[in-house]
file target-v8.txt (compact mmCIF, C-alpha atoms)
# COMPACT_ATOMS: atom_id res chain seq x y z
CA LEU Z 1 0.00 0.00 0.00
CA GLY Z 2 2.99 2.30 0.30
CA ASP Z 3 5.67 3.43 2.73
CA ASP Z 4 5.76 5.73 5.77
CA ASP Z 5 6.00 8.80 3.56
CA ASP Z 6 2.84 7.80 1.71
CA LEU Z 7 0.99 7.37 4.99
CA THR Z 8 2.19 10.76 6.21
CA ALA Z 9 0.98 12.38 2.99
CA LEU Z 10 -2.41 10.67 3.34
CA VAL Z 11 -2.85 11.68 6.99
CA GLU Z 12 -1.82 15.28 6.36
CA ALA Z 13 -4.16 15.59 3.37
CA ALA Z 14 -7.03 14.07 5.35
CA HIS Z 15 -6.45 16.25 8.40
CA ALA Z 16 -6.32 19.35 6.21
CA ARG Z 17 -9.88 18.48 5.16
CA GLY Z 18 -11.10 17.78 8.68
CA VAL Z 19 -11.02 14.01 8.17
CA GLY Z 20 -9.58 11.58 10.70
CA VAL Z 21 -7.76 8.39 9.68
CA VAL Z 22 -8.59 5.10 11.40
CA LEU Z 23 -6.62 1.95 10.61
CA ASP Z 24 -7.96 -1.60 10.70
CA GLY Z 25 -6.17 -3.58 13.39
CA VAL Z 26 -6.31 -7.37 13.21
CA PHE Z 27 -5.28 -8.31 16.73
CA ASN Z 28 -7.15 -11.59 17.15
CA HIS Z 29 -5.11 -13.65 14.70
CA VAL Z 30 -2.07 -13.56 12.43
CA GLY Z 31 -1.00 -15.20 9.20
CA ARG Z 32 1.32 -18.18 9.29
CA SER Z 33 4.16 -16.03 7.91
CA PHE Z 34 4.10 -13.87 11.06
CA PRO Z 35 7.73 -14.11 12.32
CA MET Z 36 6.81 -15.10 15.86
CA PHE Z 37 4.64 -17.94 14.57
CA SER Z 38 7.42 -19.15 12.31
CA GLN Z 39 9.60 -19.39 15.41
CA ALA Z 40 6.82 -21.23 17.26
CA GLU Z 41 6.54 -23.79 14.46
CA ALA Z 42 10.30 -24.26 14.64
CA GLY Z 43 9.97 -25.33 18.28
CA ASP Z 44 10.66 -22.07 20.14
CA ASP Z 45 8.69 -22.37 23.40
CA VAL Z 46 8.86 -18.63 24.11
CA ALA Z 47 7.30 -17.88 20.74
CA ALA Z 48 4.79 -20.72 21.07
CA ALA Z 49 3.36 -19.09 24.20
CA TRP Z 50 1.98 -16.31 21.98
CA PHE Z 51 -0.54 -18.64 20.32
CA ARG Z 52 -3.55 -20.65 21.37
CA ARG Z 53 -3.58 -24.41 21.03
CA ASP Z 54 -6.50 -26.52 19.89
CA GLY Z 55 -5.79 -30.06 20.95
CA ASP Z 56 -2.57 -31.15 19.26
CA GLY Z 57 -2.58 -28.25 16.80
CA TRP Z 58 -2.80 -24.48 16.67
CA ALA Z 59 -6.15 -22.74 17.13
CA VAL Z 60 -7.30 -20.98 13.95
CA PHE Z 61 -9.84 -18.24 13.34
CA GLU Z 62 -13.30 -19.52 12.42
CA GLY Z 63 -11.99 -22.48 10.46
CA HIS Z 64 -9.49 -20.52 8.35
CA GLY Z 65 -6.34 -22.63 8.53
CA SER Z 66 -4.13 -19.75 7.38
CA LEU Z 67 -5.11 -17.55 10.34
CA VAL Z 68 -3.63 -18.55 13.71
CA GLU Z 69 -5.19 -17.15 16.88
CA LEU Z 70 -3.14 -15.24 19.43
CA ASP Z 71 -3.29 -16.15 23.12
CA HIS Z 72 -4.73 -13.01 24.69
CA ASP Z 73 -3.96 -14.19 28.20
CA HIS Z 74 -0.23 -13.96 27.47
CA PRO Z 75 1.20 -10.59 28.67
CA ALA Z 76 3.65 -10.39 25.76
CA VAL Z 77 0.75 -10.35 23.29
CA ALA Z 78 -0.86 -7.37 25.04
CA ASP Z 79 2.49 -5.56 25.12
CA HIS Z 80 2.94 -6.18 21.40
CA VAL Z 81 -0.53 -4.87 20.49
CA VAL Z 82 0.01 -1.75 22.61
CA ALA Z 83 3.31 -1.13 20.83
CA VAL Z 84 1.73 -1.59 17.39
CA MET Z 85 -1.12 0.79 18.17
CA ARG Z 86 1.22 3.44 19.52
CA HIS Z 87 3.56 3.07 16.54
CA TRP Z 88 0.90 4.15 14.06
CA LEU Z 89 -0.75 6.68 16.36
CA ASP Z 90 2.66 8.34 16.65
CA ARG Z 91 2.62 8.63 12.87
CA GLY Z 92 -0.59 10.64 12.93
CA ILE Z 93 -3.52 8.26 12.66
CA ASP Z 94 -6.56 8.95 14.83
CA GLY Z 95 -7.79 5.56 15.95
CA TRP Z 96 -8.34 1.87 15.35
CA ARG Z 97 -11.06 -0.39 14.03
CA LEU Z 98 -10.62 -3.63 15.98
CA ASP Z 99 -11.24 -6.52 13.63
CA ALA Z 100 -13.11 -9.50 15.11
CA ALA Z 101 -13.27 -7.69 18.45
CA TYR Z 102 -16.01 -10.09 19.50
CA ALA Z 103 -13.54 -13.01 19.43
CA VAL Z 104 -11.14 -11.37 21.90
CA PRO Z 105 -11.75 -11.29 25.68
CA SER Z 106 -13.06 -7.90 26.79
CA ARG Z 107 -10.46 -7.79 29.57
CA PHE Z 108 -7.72 -7.83 26.91
CA TRP Z 109 -9.18 -4.78 25.19
CA ARG Z 110 -9.64 -3.03 28.53
CA THR Z 111 -5.95 -3.51 29.35
CA VAL Z 112 -4.62 -2.55 25.92
CA ILE Z 113 -6.91 0.44 25.34
CA GLY Z 114 -6.21 1.76 28.84
CA GLU Z 115 -2.46 1.73 28.20
CA VAL Z 116 -2.79 3.32 24.77
CA ARG Z 117 -5.09 6.07 26.03
CA ALA Z 118 -2.49 6.97 28.66
CA THR Z 119 -0.20 8.19 25.86
CA HIS Z 120 -2.78 8.93 23.13
CA PRO Z 121 -5.96 10.18 24.85
CA HIS Z 122 -7.45 11.36 21.55
CA ALA Z 123 -7.52 7.87 19.99
CA TRP Z 124 -10.92 6.47 18.94
CA PHE Z 125 -11.63 2.73 19.09
CA LEU Z 126 -14.31 0.93 17.09
CA GLY Z 127 -14.92 -2.73 17.86
CA GLU Z 128 -16.29 -5.13 15.26
CA VAL Z 129 -19.10 -6.86 17.18
CA ILE Z 130 -21.78 -8.83 15.35
CA HIS Z 131 -24.06 -10.27 18.04
CA GLY Z 132 -24.66 -9.85 21.75
CA ASP Z 133 -25.12 -7.03 24.22
CA TYR Z 134 -23.39 -4.07 22.58
CA ALA Z 135 -23.63 -1.75 25.58
CA GLU Z 136 -22.18 -4.41 27.86
CA PHE Z 137 -19.29 -5.00 25.46
CA VAL Z 138 -18.50 -1.27 25.35
CA ALA Z 139 -18.57 -1.02 29.13
CA GLU Z 140 -16.35 -4.05 29.65
CA SER Z 141 -13.86 -3.47 26.84
CA GLY Z 142 -13.37 0.30 26.91
CA VAL Z 143 -14.00 0.80 23.17
CA ASP Z 144 -15.80 3.95 22.04
CA SER Z 145 -18.15 2.32 19.56
CA VAL Z 146 -19.20 -0.99 18.02
CA THR Z 147 -20.65 -2.00 14.67
CA GLN Z 148 -24.45 -1.87 14.88
CA TYR Z 149 -25.33 -5.04 12.99
CA GLU Z 150 -28.74 -5.30 14.64
CA LEU Z 151 -29.89 -2.03 13.07
CA TRP Z 152 -28.23 -2.91 9.75
CA LYS Z 153 -30.32 -6.06 9.53
CA ALA Z 154 -33.51 -4.30 10.58
CA ILE Z 155 -33.13 -1.61 7.90
CA TRP Z 156 -32.94 -3.86 4.84
CA SER Z 157 -35.15 -6.60 6.28
CA SER Z 158 -38.00 -4.25 7.19
CA LEU Z 159 -37.88 -2.65 3.75
CA ASN Z 160 -37.86 -5.99 1.94
CA ASP Z 161 -40.69 -7.39 4.06
CA ARG Z 162 -42.67 -4.13 3.97
CA ASN Z 163 -42.77 -4.38 7.75
CA LEU Z 164 -41.61 -1.13 9.32
CA TRP Z 165 -42.57 -2.45 12.76
CA GLU Z 166 -39.28 -4.36 12.74
CA LEU Z 167 -37.34 -1.16 12.11
CA ALA Z 168 -39.26 0.68 14.82
CA TRP Z 169 -38.52 -2.06 17.35
CA SER Z 170 -34.79 -1.97 16.57
CA LEU Z 171 -34.72 1.82 16.75
CA THR Z 172 -36.15 1.61 20.27
CA ARG Z 173 -33.26 -0.63 21.30
CA HIS Z 174 -30.86 1.61 19.40
CA GLY Z 175 -32.08 4.62 21.36
CA GLU Z 176 -31.35 2.84 24.62
CA MET Z 177 -27.75 2.32 23.51
CA LEU Z 178 -27.32 6.03 22.81
CA ALA Z 179 -27.59 6.71 26.52
CA SER Z 180 -24.16 5.13 27.06
CA PHE Z 181 -22.28 5.24 23.73
CA LEU Z 182 -22.57 6.06 20.01
CA PRO Z 183 -22.88 2.90 17.89
CA THR Z 184 -21.39 2.89 14.40
CA THR Z 185 -24.30 2.55 11.97
CA PHE Z 186 -24.11 1.34 8.38
CA VAL Z 187 -26.15 -0.19 5.57
CA GLY Z 188 -23.20 -2.08 4.08
CA ASN Z 189 -19.56 -2.96 4.66
CA HIS Z 190 -16.80 -5.13 3.23
CA ASP Z 191 -18.32 -8.26 4.81
CA THR Z 192 -21.90 -7.83 3.57
CA SER Z 193 -23.75 -7.70 0.29
CA ARG Z 194 -24.07 -4.19 -1.13
CA ILE Z 195 -27.21 -2.43 0.05
CA ALA Z 196 -28.22 -1.79 -3.59
CA SER Z 197 -28.19 -5.55 -4.14
CA ARG Z 198 -29.63 -6.47 -0.75
CA LEU Z 199 -32.87 -4.54 -1.33
CA ASP Z 200 -35.56 -6.35 -3.32
CA ASP Z 201 -36.92 -3.02 -4.60
CA GLU Z 202 -34.22 -0.57 -5.71
CA ARG Z 203 -36.67 2.30 -5.23
CA LEU Z 204 -36.27 1.88 -1.47
CA LEU Z 205 -32.56 2.71 -1.41
CA PRO Z 206 -33.36 6.34 -0.38
CA HIS Z 207 -35.31 4.99 2.59
CA ALA Z 208 -32.33 2.96 3.83
CA LEU Z 209 -30.00 5.93 3.45
CA THR Z 210 -32.44 8.30 5.13
CA VAL Z 211 -32.54 6.09 8.21
CA LEU Z 212 -28.74 5.79 8.24
CA PHE Z 213 -28.15 9.54 8.19
CA THR Z 214 -30.92 10.65 10.54
CA VAL Z 215 -30.84 8.28 13.52
CA GLY Z 216 -28.27 8.57 16.31
CA GLY Z 217 -24.81 7.05 16.15
CA VAL Z 218 -21.77 7.36 13.90
CA PRO Z 219 -22.90 6.67 10.32
CA ALA Z 220 -20.39 4.95 8.05
CA VAL Z 221 -20.49 4.62 4.25
CA TYR Z 222 -18.74 1.67 2.61
CA ALA Z 223 -16.68 2.80 -0.36
CA GLY Z 224 -18.71 2.42 -3.53
CA ASP Z 225 -22.13 2.46 -1.87
CA GLU Z 226 -22.24 6.21 -2.49
CA GLN Z 227 -22.19 5.32 -6.22
CA GLY Z 228 -24.85 2.64 -5.94
CA PHE Z 229 -22.36 -0.18 -6.50
CA ARG Z 230 -23.87 -3.66 -6.55
CA GLY Z 231 -22.40 -6.90 -5.28
CA VAL Z 232 -23.51 -10.05 -3.48
CA LYS Z 233 -21.39 -11.76 -0.84
CA GLU Z 234 -21.19 -15.55 -1.15
CA GLU Z 235 -20.04 -18.09 1.43
CA ARG Z 236 -17.18 -19.61 -0.57
CA ILE Z 237 -13.51 -19.03 -1.32
CA GLY Z 238 -13.42 -15.70 -3.14
CA GLY Z 239 -16.98 -14.98 -2.09
CA ASP Z 240 -16.08 -11.42 -1.05
CA ASP Z 241 -14.69 -10.45 -4.44
CA GLU Z 242 -17.92 -9.01 -5.80
CA VAL Z 243 -18.34 -6.62 -2.85
CA ARG Z 244 -14.67 -5.59 -2.86
CA PRO Z 245 -14.04 -4.47 -6.45
CA SER Z 246 -11.16 -2.37 -7.68
CA PHE Z 247 -11.85 1.31 -8.32
CA PRO Z 248 -10.92 3.37 -11.38
CA ASP Z 249 -7.86 5.59 -11.13
CA GLU Z 250 -9.90 8.79 -11.36
CA PRO Z 251 -13.43 9.70 -10.17
CA GLY Z 252 -14.29 10.82 -13.69
CA GLN Z 253 -13.99 7.21 -14.82
CA LEU Z 254 -16.91 6.14 -12.63
CA SER Z 255 -20.19 5.31 -14.36
CA PRO Z 256 -22.61 8.24 -14.52
CA VAL Z 257 -25.33 5.80 -13.43
CA GLY Z 258 -24.21 6.32 -9.83
CA ALA Z 259 -24.55 10.12 -9.88
CA PRO Z 260 -28.08 10.27 -8.38
CA VAL Z 261 -27.06 8.03 -5.49
CA LEU Z 262 -24.00 10.18 -4.86
CA ARG Z 263 -26.17 13.30 -4.86
CA LEU Z 264 -28.54 11.75 -2.32
CA HIS Z 265 -25.61 10.90 -0.06
CA GLN Z 266 -24.38 14.48 -0.33
CA GLN Z 267 -27.80 15.88 0.58
CA LEU Z 268 -28.22 13.62 3.60
CA ILE Z 269 -24.66 14.15 4.81
CA ALA Z 270 -25.23 17.90 4.51
CA VAL Z 271 -28.28 17.58 6.79
CA ARG Z 272 -26.19 15.58 9.24
CA ARG Z 273 -23.41 18.17 9.29
CA ARG Z 274 -25.88 21.06 9.78
CA HIS Z 275 -27.46 19.20 12.69
CA PRO Z 276 -24.60 17.52 14.59
CA TRP Z 277 -26.94 16.90 17.54
CA LEU Z 278 -28.39 14.02 15.52
CA ALA Z 279 -25.49 11.90 16.83
CA ASP Z 280 -27.38 11.24 20.07
CA ALA Z 281 -30.83 12.58 19.26
CA ASP Z 282 -33.97 11.33 20.98
CA LEU Z 283 -36.35 9.55 18.60
CA GLU Z 284 -40.13 9.77 18.94
CA GLN Z 285 -42.34 7.46 16.90
CA VAL Z 286 -45.14 9.65 15.50
CA HIS Z 287 -47.02 7.26 13.19
CA LEU Z 288 -46.43 3.62 12.37
CA VAL Z 289 -48.15 1.09 10.12
CA ASN Z 290 -46.65 -1.64 7.96
CA GLU Z 291 -45.62 0.63 5.09
CA LEU Z 292 -45.54 4.08 6.67
CA PHE Z 293 -43.26 5.20 9.50
CA ILE Z 294 -42.98 8.80 10.66
CA TYR Z 295 -40.51 9.60 13.41
CA ARG Z 296 -39.31 12.83 14.98
CA LEU Z 297 -35.77 13.49 16.16
CA ARG Z 298 -35.14 15.97 18.94
CA GLU Z 299 -31.96 17.49 20.23
CA ARG Z 300 -31.14 16.40 23.76
CA GLY Z 301 -31.18 19.51 25.92
CA GLY Z 302 -31.83 21.79 22.94
CA ASP Z 303 -34.44 23.01 20.47
CA GLY Z 304 -33.32 21.13 17.37
CA ALA Z 305 -35.93 18.95 15.65
CA LEU Z 306 -36.30 17.03 12.38
CA THR Z 307 -39.10 14.78 11.15
CA VAL Z 308 -38.56 11.77 8.89
CA VAL Z 309 -41.21 10.15 6.69
CA LEU Z 310 -40.67 6.65 5.26
CA ASN Z 311 -43.45 5.78 2.84
CA LEU Z 312 -43.21 2.33 1.22
CA ASP Z 313 -46.75 2.42 -0.13
CA ASP Z 314 -47.69 3.24 -3.70
CA VAL Z 315 -50.05 5.99 -2.53
CA PRO Z 316 -49.12 9.41 -1.13
CA VAL Z 317 -48.91 10.08 2.59
CA PRO Z 318 -52.28 11.33 3.86
CA ALA Z 319 -52.32 15.11 3.95
CA ASP Z 320 -53.05 15.25 7.67
CA LEU Z 321 -49.86 13.27 8.38
CA VAL Z 322 -47.50 15.41 6.26
CA PRO Z 323 -45.20 17.27 8.70
CA SER Z 324 -45.19 21.04 8.77
CA GLY Z 325 -41.91 22.72 7.98
CA THR Z 326 -39.43 22.69 5.11
CA CYS Z 327 -38.76 19.50 3.17
CA LEU Z 328 -34.97 19.25 3.27
CA VAL Z 329 -34.48 15.99 1.35
CA GLY Z 330 -36.82 13.81 -0.74
CA GLY Z 331 -40.59 14.05 -0.86
CA VAL Z 332 -43.77 12.40 0.41
CA GLY Z 333 -45.19 11.08 -2.82
CA PRO Z 334 -45.87 7.38 -3.41
CA GLY Z 335 -43.02 5.22 -2.13
CA GLU Z 336 -40.83 8.16 -1.11
CA ALA Z 337 -38.70 9.11 1.90
CA ALA Z 338 -38.28 12.65 3.19
CA VAL Z 339 -36.64 14.71 5.91
CA PHE Z 340 -38.42 17.82 7.20
CA GLY Z 341 -36.95 20.70 9.16
CA ALA Z 342 -38.87 22.45 11.89
CA SER Z 343 -41.47 24.95 10.71
call {"tool": "encode", "arguments": {"input": "target-v8.txt", "output": "structure tokens"}}
result
Amino acid sequence: LGDDDDLTALVEAAHARGVGVVLDGVFNHVGRSFPMFSQAEAGDDVAAAWFRRDGDGWAVFEGHGSLVELDHDHPAVADHVVAVMRHWLDRGIDGWRLDAAYAVPSRFWRTVIGEVRATHPHAWFLGEVIHGDYAEFVAESGVDSVTQYELWKAIWSSLNDRNLWELAWSLTRHGEMLASFLPTTFVGNHDTSRIASRLDDERLLPHALTVLFTVGGVPAVYAGDEQGFRGVKEERIGGDDEVRPSFPDEPGQLSPVGAPVLRLHQQLIAVRRRHPWLADADLEQVHLVNELFIYRLRERGGDGALTVVLNLDDVPVPADLVPSGTCLVGGVGPGEAAVFGAS
């Protein structure tokens, strides 16, 4: 990917634009070419203590024989991870995404993050957590945020099933999490099918994006989704290839087909930036039936307010339910999504 100078140039260019840089840290497992593991295979007992055993062999990550799991109860492993994190933070990055954080004991993260924060208090830590009690994981591990897979599933599933009650239920749980931390929300990532392919009806893509950019949390956009890229993840060797394509050398080489999706992202991100209180906003459910969900977002301790309308039906929203105020994004015609500012 480059050398130290390339990283410095990237960080400086990002910071000049108000953008932080977070690296992906894989601290649950290593490849078999990792020098310490090579020494362990050669019979070095000191090196072998770094890795978990599974019977007579080495423990591997979720059945992947090429990925050997570290022993997180070994102090030298924690010391090594602390050193790695500090190395790159010293070079200007702003935080870490912790790959497979769910597979690592929370006490390990608590120890490592505590030591790193002592020297780099600004660092931000995002844990990849798929299932379980997110708030409990945050409290026990010391991370700042986790991947909100529960809401991700509810967004596309409720739209496909035309059952917005599922989304409403998940948003209630999501709101409870906001009281203690800001989850990282998304509608797609490098491990999932593209949202444009996941939805049965492509007309509902604006609805998914509207939810992403209006509810509380830290919204994340997977590269290419802002262009409406398609791709289906398959459970096989090479099954991620379709959702991890190469990009053209220049933006001008992108297909113009993605321009409307890009514009919608820009509009919704602009709303988010003008209303930063949305990060931990209170959500009130105003009206809910299978194919129509209206919710209002209010600033905690302030006067800010926005109203969102998600209409999956092929008929317009009844006039008496249309919010007062300025329509900031979208519209309330048949099958449309919209965001309204306060009147």
call {"tool": "closest_atom_pairs", "arguments": {"input": "target-v8.txt", "of": "stretch 179-247 of chain Z", "to": "stretch 256-259 of chain Z", "cutoff": "9 Å", "atoms": "only C-alpha atoms", "output": "Markdown table"}}
result
| residue | atom | partner | partner_atom | distance |
| --- | --- | --- | --- | --- |
| Z:Glu226 | CA | Z:Gly258 | CA | 7.6 |
| Z:Gln227 | CA | Z:Gly258 | CA | 4.3 |
| Z:Gly228 | CA | Z:Gly258 | CA | 5.4 |
| Z:Phe229 | CA | Z:Gly258 | CA | 7.5 |
call {"tool": "write_last_selection", "arguments": {"input": "target-v8.txt", "atoms": "C-alpha atoms", "output": "compact mmCIF listing (two decimals), in the coordinates of the input"}}
result
# COMPACT_ATOMS: atom_id res chain seq x y z
CA GLU Z 226 -22.24 6.21 -2.49
CA GLN Z 227 -22.19 5.32 -6.22
CA GLY Z 228 -24.85 2.64 -5.94
CA PHE Z 229 -22.36 -0.18 -6.50
call {"tool": "residues_around", "arguments": {"input": "target-v8.txt", "residues": "Z:Val308", "least_positions_apart": "2", "cutoff": "7 Å", "atoms": "all atoms listed in the file", "output": "list in words"}}
result
Ile294, Tyr295, Arg296, Leu306, Leu310, Ala338, Val339 and Phe340 of chain Z
call {"tool": "residues_around", "arguments": {"input": "target-v8.txt", "residues": "Z:Arg300", "least_positions_apart": "2", "cutoff": "7 Å", "atoms": "all atoms listed in the file", "output": "JSON, numbers by chain"}}
result
{"Z": [281, 282, 298, 302]}
call {"tool": "atom_distance", "arguments": {"input": "target-v8.txt", "atom1": "atom CA of Z:Phe108", "atom2": "atom CA of Z:Pro75"}}
result
9.5 Å
call {"tool": "residues_around", "arguments": {"input": "target-v8.txt", "residues": "Z:Glu291", "least_positions_apart": "2", "cutoff": "7 Å", "atoms": "all atoms listed in the file", "output": "PyMOL selection string"}}
result
chain Z and resi 162-164+289+293+311-313
call {"tool": "atom_distance", "arguments": {"input": "target-v8.txt", "atom1": "atom CA of Z:Val329", "atom2": "atom CA of Z:Leu268"}}
result
7.1 Å
call {"tool": "atom_distance", "arguments": {"input": "target-v8.txt", "atom1": "atom CA of Z:Glu140", "atom2": "atom CA of Z:Arg107"}}
result
7.0 Å
call {"tool": "axis_aligned_box", "arguments": {"input": "target-v8.txt", "around": "stretch 298-307 of chain Z", "padding_each_side": "6 Å", "output": "lines of an AutoDock Vina configuration file"}}
result
center_x = -35.1
center_y = 18.9
center_z = 18.5
size_x = 20.0
size_y = 20.2
size_z = 26.8
call {"tool": "closest_residue", "arguments": {"input": "target-v8.txt", "among": "Z:Leu182, Z:Ala154, Z:Ala16, Z:Ala208", "to": "Z:Trp169", "atoms": "all atoms listed in the file"}}
result
Z:Ala154
call {"tool": "closest_residue", "arguments": {"input": "target-v8.txt", "among": "Z:Ser324, Z:Ser33, Z:Asn290, Z:Gln148", "to": "Z:Pro219", "atoms": "all atoms listed in the file"}}
result
Z:Gln148
call {"tool": "closest_residue", "arguments": {"input": "target-v8.txt", "among": "Z:Phe137, Z:Phe61, Z:Phe27, Z:Phe37", "to": "Z:Trp96", "atoms": "only C-alpha atoms"}}
result
Z:Phe27
call {"tool": "residues_around", "arguments": {"input": "target-v8.txt", "residues": "Z:Ala49", "least_positions_apart": "2", "cutoff": "12 Å", "atoms": "only C-alpha atoms", "output": "ChimeraX atom specification"}}
result
/Z:36-37,39-41,43-47,51-53,58,69-77
call {"tool": "build_atoms", "arguments": {"input": "target-v8.txt", "residues": "stretch 102-110 of chain Z", "atoms": "all heavy atoms", "output": "PDB file, in the coordinates of the input"}}
result
ATOM      1  N   TYR Z 102     -15.148  -9.172  18.756  1.00  0.00           N
ATOM      2  CA  TYR Z 102     -16.010 -10.090  19.500  1.00  0.00           C
ATOM      3  C   TYR Z 102     -15.315 -11.390  19.885  1.00  0.00           C
ATOM      4  O   TYR Z 102     -15.751 -12.082  20.812  1.00  0.00           O
ATOM      5  CB  TYR Z 102     -17.257 -10.419  18.666  1.00  0.00           C
ATOM      6  CG  TYR Z 102     -16.934 -11.042  17.323  1.00  0.00           C
ATOM      7  CD1 TYR Z 102     -16.752 -12.412  17.179  1.00  0.00           C
ATOM      8  CD2 TYR Z 102     -16.799 -10.248  16.177  1.00  0.00           C
ATOM      9  CE1 TYR Z 102     -16.453 -12.977  15.949  1.00  0.00           C
ATOM     10  CE2 TYR Z 102     -16.493 -10.796  14.949  1.00  0.00           C
ATOM     11  CZ  TYR Z 102     -16.320 -12.159  14.845  1.00  0.00           C
ATOM     12  OH  TYR Z 102     -15.993 -12.720  13.625  1.00  0.00           O
ATOM     13  N   ALA Z 103     -14.238 -11.747  19.180  1.00  0.00           N
ATOM     14  CA  ALA Z 103     -13.540 -13.010  19.430  1.00  0.00           C
ATOM     15  C   ALA Z 103     -12.453 -12.876  20.490  1.00  0.00           C
ATOM     16  O   ALA Z 103     -11.831 -13.872  20.871  1.00  0.00           O
ATOM     17  CB  ALA Z 103     -12.936 -13.531  18.118  1.00  0.00           C
ATOM     18  N   VAL Z 104     -12.209 -11.649  20.944  1.00  0.00           N
ATOM     19  CA  VAL Z 104     -11.140 -11.370  21.900  1.00  0.00           C
ATOM     20  C   VAL Z 104     -11.758 -11.067  23.268  1.00  0.00           C
ATOM     21  O   VAL Z 104     -12.753 -10.342  23.347  1.00  0.00           O
ATOM     22  CB  VAL Z 104     -10.303 -10.164  21.424  1.00  0.00           C
ATOM     23  CG1 VAL Z 104      -9.239  -9.791  22.438  1.00  0.00           C
ATOM     24  CG2 VAL Z 104      -9.679 -10.473  20.060  1.00  0.00           C
ATOM     25  N   PRO Z 105     -11.188 -11.594  24.350  1.00  0.00           N
ATOM     26  CA  PRO Z 105     -11.750 -11.290  25.680  1.00  0.00           C
ATOM     27  C   PRO Z 105     -11.799  -9.792  25.945  1.00  0.00           C
ATOM     28  O   PRO Z 105     -10.849  -9.066  25.648  1.00  0.00           O
ATOM     29  CB  PRO Z 105     -10.765 -11.989  26.640  1.00  0.00           C
ATOM     30  CG  PRO Z 105     -10.126 -13.068  25.823  1.00  0.00           C
ATOM     31  CD  PRO Z 105     -10.029 -12.509  24.429  1.00  0.00           C
ATOM     32  N   SER Z 106     -12.900  -9.331  26.512  1.00  0.00           N
ATOM     33  CA  SER Z 106     -13.060  -7.900  26.790  1.00  0.00           C
ATOM     34  C   SER Z 106     -11.961  -7.380  27.709  1.00  0.00           C
ATOM     35  O   SER Z 106     -11.527  -6.233  27.583  1.00  0.00           O
ATOM     36  CB  SER Z 106     -14.436  -7.638  27.413  1.00  0.00           C
ATOM     37  OG  SER Z 106     -15.464  -7.912  26.496  1.00  0.00           O
ATOM     38  N   ARG Z 107     -11.503  -8.226  28.620  1.00  0.00           N
ATOM     39  CA  ARG Z 107     -10.460  -7.790  29.570  1.00  0.00           C
ATOM     40  C   ARG Z 107      -9.164  -7.453  28.829  1.00  0.00           C
ATOM     41  O   ARG Z 107      -8.401  -6.590  29.268  1.00  0.00           O
ATOM     42  CB  ARG Z 107     -10.211  -8.872  30.615  1.00  0.00           C
ATOM     43  CG  ARG Z 107      -9.723 -10.201  30.069  1.00  0.00           C
ATOM     44  CD  ARG Z 107      -9.548 -11.249  31.156  1.00  0.00           C
ATOM     45  NE  ARG Z 107      -9.085 -12.526  30.619  1.00  0.00           N
ATOM     46  CZ  ARG Z 107      -9.875 -13.453  30.091  1.00  0.00           C
ATOM     47  NH1 ARG Z 107     -11.195 -13.247  30.065  1.00  0.00           N
ATOM     48  NH2 ARG Z 107      -9.372 -14.582  29.622  1.00  0.00           N
ATOM     49  N   PHE Z 108      -8.913  -8.133  27.710  1.00  0.00           N
ATOM     50  CA  PHE Z 108      -7.720  -7.830  26.910  1.00  0.00           C
ATOM     51  C   PHE Z 108      -7.830  -6.420  26.341  1.00  0.00           C
ATOM     52  O   PHE Z 108      -6.895  -5.622  26.428  1.00  0.00           O
ATOM     53  CB  PHE Z 108      -7.569  -8.847  25.788  1.00  0.00           C
ATOM     54  CG  PHE Z 108      -6.404  -8.571  24.859  1.00  0.00           C
ATOM     55  CD1 PHE Z 108      -5.126  -8.994  25.181  1.00  0.00           C
ATOM     56  CD2 PHE Z 108      -6.596  -7.872  23.671  1.00  0.00           C
ATOM     57  CE1 PHE Z 108      -4.057  -8.737  24.326  1.00  0.00           C
ATOM     58  CE2 PHE Z 108      -5.536  -7.613  22.820  1.00  0.00           C
ATOM     59  CZ  PHE Z 108      -4.260  -8.047  23.150  1.00  0.00           C
ATOM     60  N   TRP Z 109      -8.994  -6.119  25.753  1.00  0.00           N
ATOM     61  CA  TRP Z 109      -9.180  -4.780  25.190  1.00  0.00           C
ATOM     62  C   TRP Z 109      -9.091  -3.718  26.274  1.00  0.00           C
ATOM     63  O   TRP Z 109      -8.509  -2.659  26.070  1.00  0.00           O
ATOM     64  CB  TRP Z 109     -10.540  -4.681  24.491  1.00  0.00           C
ATOM     65  CG  TRP Z 109     -10.706  -5.531  23.281  1.00  0.00           C
ATOM     66  CD1 TRP Z 109     -11.721  -6.399  23.018  1.00  0.00           C
ATOM     67  CD2 TRP Z 109      -9.840  -5.587  22.136  1.00  0.00           C
ATOM     68  NE1 TRP Z 109     -11.542  -6.991  21.804  1.00  0.00           N
ATOM     69  CE2 TRP Z 109     -10.396  -6.515  21.236  1.00  0.00           C
ATOM     70  CE3 TRP Z 109      -8.646  -4.946  21.792  1.00  0.00           C
ATOM     71  CZ2 TRP Z 109      -9.807  -6.820  20.004  1.00  0.00           C
ATOM     72  CZ3 TRP Z 109      -8.052  -5.253  20.576  1.00  0.00           C
ATOM     73  CH2 TRP Z 109      -8.621  -6.164  19.700  1.00  0.00           C
ATOM     74  N   ARG Z 110      -9.676  -4.000  27.440  1.00  0.00           N
ATOM     75  CA  ARG Z 110      -9.640  -3.030  28.530  1.00  0.00           C
ATOM     76  C   ARG Z 110      -8.207  -2.698  28.915  1.00  0.00           C
ATOM     77  O   ARG Z 110      -7.846  -1.528  29.103  1.00  0.00           O
ATOM     78  CB  ARG Z 110     -10.401  -3.593  29.731  1.00  0.00           C
ATOM     79  CG  ARG Z 110     -10.308  -2.781  31.013  1.00  0.00           C
ATOM     80  CD  ARG Z 110     -10.924  -1.401  30.893  1.00  0.00           C
ATOM     81  NE  ARG Z 110     -12.369  -1.457  30.709  1.00  0.00           N
ATOM     82  CZ  ARG Z 110     -13.136  -0.380  30.617  1.00  0.00           C
ATOM     83  NH1 ARG Z 110     -12.592   0.845  30.686  1.00  0.00           N
ATOM     84  NH2 ARG Z 110     -14.444  -0.487  30.439  1.00  0.00           N
TER      85      ARG Z 110
END
